[in-house]
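Structure first, then comments.
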Amino acid sequence: MSKYLHDLWSSVSSSMIGMRITFKHFLRIRKGNVTLQYPEEKWPRPERNIGFEHKDYNVIRSKLHVDMDDCIGCYKCARACPVDCIKIETIKVPKGTDIGITSNDTKKRLLVNRFDIDMTECMYCNLCVYPCPEECIFMTGGPNSSKHPIDYEFSEYNREGLMYRFATATQEEIDRYTDTETPEKPTEKEETE
Amino acid sequence: MVVDNLMQWFESWTLWEAGSPLLFLIVVVIAGVPIFLLMAVNALVAVYAELKISAFMQDRVGPMGQGPGLHAGKWGLLQTVADALKLLLKEDIIPTLADRKLFIIAPFIIFVTPFIALAALPFNQNLLIADLNIGVFYILAVGSISVIGIIMAGWSSNNKWSLYGAMRSAAQIVSYEIPVALSIVSVIMLTGTLSMQGIISYQDGTTLGILPNWILFNNPFSFIAFFIFFISGVAEVNRTPFDIPEAESELVAGFHTEYSGMRWAFFFLSEYANMLIISGIAAVAFLGGWHSPIPGFLESPGWSLFWFISKIGMLIFIMMWFRWTFPRLRVDQLMNICWKVLLPLALLNIFGVGIWTLLTG
Ligand code: SF4
Ligand code: SF4
């Protein structure tokens, strides 16, 4: 009997203790909250110690970025890509037409009307970065952070958002040059094969 | 009340003779609509409250949605509306080897139970579908119909988990009905009436000078009876820590494992409506029903409704508080509590209340 009463008492009192704890948490939600409202708030990025200086290390694997002002449409990056996730289309502009020069003083001869990178396919191997004669395709951040700040998450609400479309040619430009010449040459690797 | 008034109103048209069954049918349908609305709104609000309360107790924030687009409104206020829409649009799957007829009927039986029980719950002086002279008895009696629905659901799903859940649920509800009924008996011994309004009017006025004359404060035995009732009530509606019929970690979802879409929503609606009913009975039988906590203060019908709903809300909050505090009981512990603790205590209470009424007259 005394064990029965003791058990009864201990279960009631321990239940009370438990309920007090949860109620305390219930009340202190403003202070104790651990949820991060992700798209609005972000964890602070920790200072990284990767064992060497950033400036001595020229490879970073983050998000690809193309500086379209410098791209000459040479397809070297698209050919290098092992998974063929870079899709480029160009239009030949007539001789003598000026569509700008790159920061390496190379005259542009091709209008890039499509430059898509499918980041759902990309495996971040960096192989497209090396062949670029104009050094205009690169991974953001790290040694390139002066060109483009790092974006380490690039999360999107839908899959289409991960198709990065870099081409800047306007429709008007495209129309102007498509009429004049036979514009298309077999562009993408998969089409040539 | 509502039914009687509607009957009189319709009869005053003299289109139907008094007491015609057709007229009765019409009145019942009209009176049923607000109950259905009440159940739906109750589920929407209670689910949202549960999401938030559970989150707060676990140091989370629950549904928030301040992001771009329509993400459940500010503070996730539209979360349950979105959930309801999703449930409505979901595919209705009936397993091939299920017993089709029973599978289809079961959710409705479970849904009908709180539906008809709500008809006898008085929300204020006038807001009561039918003032039965056996109100409490009626609610407790129809409450046990849901066992049939649960067993039907579990059996017809043709699934081990469902069947286990159904069997456990039947055992649990049948056992816990006894302490529920016995603690109500101790209330009825005091009030001398089974009518809900009668029990409430017994609790008018004050006791011990300042306390409201609720049965909870009437004598030490009915004080304990309240806790017996409430704990077994929580067990009867299959809420954690007594949720072994649907024990997520063991039985997937118990008797409603195989249900989806709207049929599943019926289980959900009735779970929350059952919470409402148990809290409602507790409020009526022990907490003075729609009486204001300060006797004689703000007792107009509008305020009475407010008091009653806040009492129910508080009790539902306590149920949620239980849920997010206690781990689930084992089957043997569950039976232990019922047969070895609650039942003897309830019997003792009846004895005590009997002595008390004898002594105090
Ligand atoms: S990083 Fe590799 S996979 Fe990604 S686009 Fe460049 S070459 Fe292709
Ligand atoms: S390799 Fe560089 S310049 Fe050539 S197409 Fe690619 S990004 Fe443009």
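Ordering of the structure tokens sets the chain letters (A, B, ...); residue numbers start at 1 within each chain; ligands are numbered from 1 in the order shown.
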message: Taking only C-alpha atoms and all ligand atoms and a cut-off of 8 Å, can you tell me which residues surround ligand 2, written as a list in words?
response: Val66, Asp67, Met68, Asp70, Cys71, Ile72, Gly73, Cys74, Tyr75, Lys76, Cys77, Ala78, Ile88, Cys128, Val129, Pro131, Cys132, Pro133, Glu134, Glu135, Cys136 and Ile137 of chain A
- request: Go through the chains and note each residue within 7 Å of ligand 1, using only C-alpha atoms and all ligand atoms, then give the set as a PyMOL selection string.
  value: chain A and resi 77+80-86+117+121-129
Save the residues we just selected, C-alpha atoms, as a CSV table (one decimal), in the first residue's frame?
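Generated output (again05.csv):
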```
chain,number,residue,atom,x,y,z
A,77,CYS,CA,34.3,26.1,-71.9
A,80,ALA,CA,35.6,21.2,-71.8
A,81,CYS,CA,32.6,20.5,-69.7
A,82,PRO,CA,32.4,16.7,-69.0
A,83,VAL,CA,28.7,16.7,-68.4
A,84,ASP,CA,27.8,19.1,-71.2
A,85,CYS,CA,25.8,21.5,-69.0
A,86,ILE,CA,27.0,24.6,-70.7
A,117,ILE,CA,24.6,26.8,-67.5
A,121,GLU,CA,23.9,19.2,-63.8
A,122,CYS,CA,27.2,21.0,-63.0
A,123,MET,CA,29.5,18.9,-60.8
A,124,TYR,CA,31.8,21.8,-59.9
A,125,CYS,CA,34.9,20.3,-61.5
A,126,ASN,CA,36.2,23.7,-62.6
A,127,LEU,CA,37.3,22.2,-65.9
A,128,CYS,CA,35.4,24.9,-67.8
A,129,VAL,CA,37.3,27.6,-66.0
```
message: Based on only C-alpha atoms, which of the residues in chain B come within 12 Å of chain A? I want them as a ChimeraX atom specification.
response: /B:52-69,71,75,227,231,241,317-327,333,336-337,340-342,344-345
message: Give me, as a PyMOL selection string, all polymer residues having an atom no more than 6 Å from stretch 146-153 of chain B, counting only C-alpha atoms and skipping those fewer than 2 positions away in the same chain.
response: chain B and resi 103+106+109-110+113+144+155-156+166+170+255
- prompt: Within 9 Å of B:Gly313, counting only C-alpha atoms, which residues qualify if same-chain residues fewer than 5 places away don't, as an MDAnalysis selection string?
  reply: chainID B and resid 46 276 279 308 318
